[in-house]
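Asks: Can you keep this structure in mind? I'll have questions shortly.
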Amino acid sequence: MPLQVEGSEPIPVELAQRIAANCANLAAQTVFSSTTPVTALGLACEEFRSTLTTALNAAVVGSRVRQQCHPATLTFKSKPRKP
């Protein structure tokens, strides 16, 4: 099934996958190459998401990154550390 962005022609699934993968690789290299062991992962992930969104919008105008997780994804809740 082709994917379509509002106001544009349908995008074949294979092309959409390749564009998404290229944008994700670019965002990962851009963000995670400058991280250190003390970098807060939450902040790095937020920056990755922002960079990915920018890259996708540059590649395909009107594209977006979903905020919800896949239903099969397991949730993780961290426990507070004791001092």
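How things are named: the first chain in the structure tokens is A, the next is B, and so on; residues count from 1 in each chain; ligands count from 1 in the order shown.
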List the neighbours of A:Phe48 out to 8 Å using only C-alpha atoms; skip same-chain residues closer than 4 positions along the sequence, and give me the result as a list of chain:residue names.
Replies: A:Ala27, A:Ala28, A:Val31, A:Phe32, A:Ala44, A:Leu52
Asks: Can you tell me, as a list of chain:residue names, what residues are no more than 9 Å from A:Ile19 when counting only C-alpha atoms, ignoring any on the same chain fewer than 5 positions away?
Replies: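 So the residues in contact are A:Glu14, A:Ala24, A:Leu56, A:Ala59, A:Val60.
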Asks: Excluding A:Cys23 and residues on its chain fewer than 6 positions from it, collect all residues at most 12 Å away from it, counting only C-alpha atoms, and give them as a ChimeraX atom specification.
Replies: /A:16-17,29-30,48-60,63-65
Asks: Given the selection you just returned, output its residues as a file containing N, CA and C atoms, formatted as a CSV table (one decimal), in the first residue's frame.
Replies:
chain,number,residue,atom,x,y,z
A,16,ALA,N,9.5,5.1,0.8
A,16,ALA,CA,9.2,5.7,2.1
A,16,ALA,C,10.1,5.0,3.1
A,17,GLN,N,10.3,3.7,3.1
A,17,GLN,CA,11.2,3.0,4.0
A,17,GLN,C,12.7,3.5,3.8
A,29,GLN,N,23.6,9.8,13.5
A,29,GLN,CA,25.0,10.2,13.4
A,29,GLN,C,25.1,11.7,13.9
A,30,THR,N,24.2,12.5,13.6
A,30,THR,CA,24.3,13.9,14.0
A,30,THR,C,24.2,14.1,15.5
A,48,PHE,N,17.3,13.6,19.1
A,48,PHE,CA,17.2,12.7,17.9
A,48,PHE,C,15.9,12.8,17.3
A,49,ARG,N,14.8,12.8,18.0
A,49,ARG,CA,13.5,12.9,17.5
A,49,ARG,C,13.3,14.2,16.7
A,50,SER,N,13.8,15.3,17.3
A,50,SER,CA,13.7,16.6,16.7
A,50,SER,C,14.5,16.7,15.4
A,51,THR,N,15.7,16.1,15.4
A,51,THR,CA,16.5,16.1,14.2
A,51,THR,C,15.9,15.2,13.2
A,52,LEU,N,15.3,14.1,13.6
A,52,LEU,CA,14.7,13.2,12.6
A,52,LEU,C,13.5,13.9,12.0
A,53,THR,N,12.7,14.5,12.8
A,53,THR,CA,11.5,15.3,12.2
A,53,THR,C,12.0,16.3,11.2
A,54,THR,N,13.0,17.1,11.5
A,54,THR,CA,13.5,18.1,10.6
A,54,THR,C,14.0,17.4,9.3
A,55,ALA,N,14.7,16.3,9.4
A,55,ALA,CA,15.2,15.6,8.2
A,55,ALA,C,14.1,15.1,7.4
A,56,LEU,N,13.1,14.5,8.0
A,56,LEU,CA,12.0,13.9,7.3
A,56,LEU,C,11.2,15.0,6.6
A,57,ASN,N,11.0,16.1,7.3
A,57,ASN,CA,10.2,17.2,6.6
A,57,ASN,C,11.0,17.8,5.5
A,58,ALA,N,12.3,17.8,5.5
A,58,ALA,CA,13.1,18.3,4.4
A,58,ALA,C,13.0,17.3,3.2
A,59,ALA,N,13.0,16.0,3.5
A,59,ALA,CA,12.9,15.0,2.5
A,59,ALA,C,11.5,14.9,1.9
A,60,VAL,N,10.5,14.9,2.7
A,60,VAL,CA,9.1,14.7,2.3
A,60,VAL,C,8.3,15.7,3.1
A,63,SER,N,5.7,15.2,6.3
A,63,SER,CA,5.9,14.0,7.0
A,63,SER,C,5.9,14.2,8.5
A,64,ARG,N,5.7,13.2,9.3
A,64,ARG,CA,5.8,13.4,10.8
A,64,ARG,C,6.3,12.1,11.5
A,65,VAL,N,6.7,12.3,12.7
A,65,VAL,CA,7.1,11.2,13.6
A,65,VAL,C,6.1,11.0,14.6
Asks: Hey, can you check how far atom CA of A:Leu26 sits from atom CA of A:Glu46?
Replies: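 A separation of 14.9 Å between them.
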Asks: For the structure I just gave you, how does DSSP split stretch 8-79 of chain A - specifically, which residues are helix (DSSP H, G or I)? Reply as a PyMOL selection string.
Replies: chain A and resi 13-32+41-59
Asks: In Å, rounded to a single decimal, give me how far atom CA of A:Lys82 is from atom CA of A:Val38.
Replies: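 Calculated distance between atom CA of A:Val38 and atom CA of A:Lys82 is 19.3 Å.
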Asks: To one decimal in Å, tell me the separation between atom CA of A:Glu47 and atom CA of A:Ser8.
Replies: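 We find that atom CA of A:Glu47 and atom CA of A:Ser8 lie 28.1 Å from each other.
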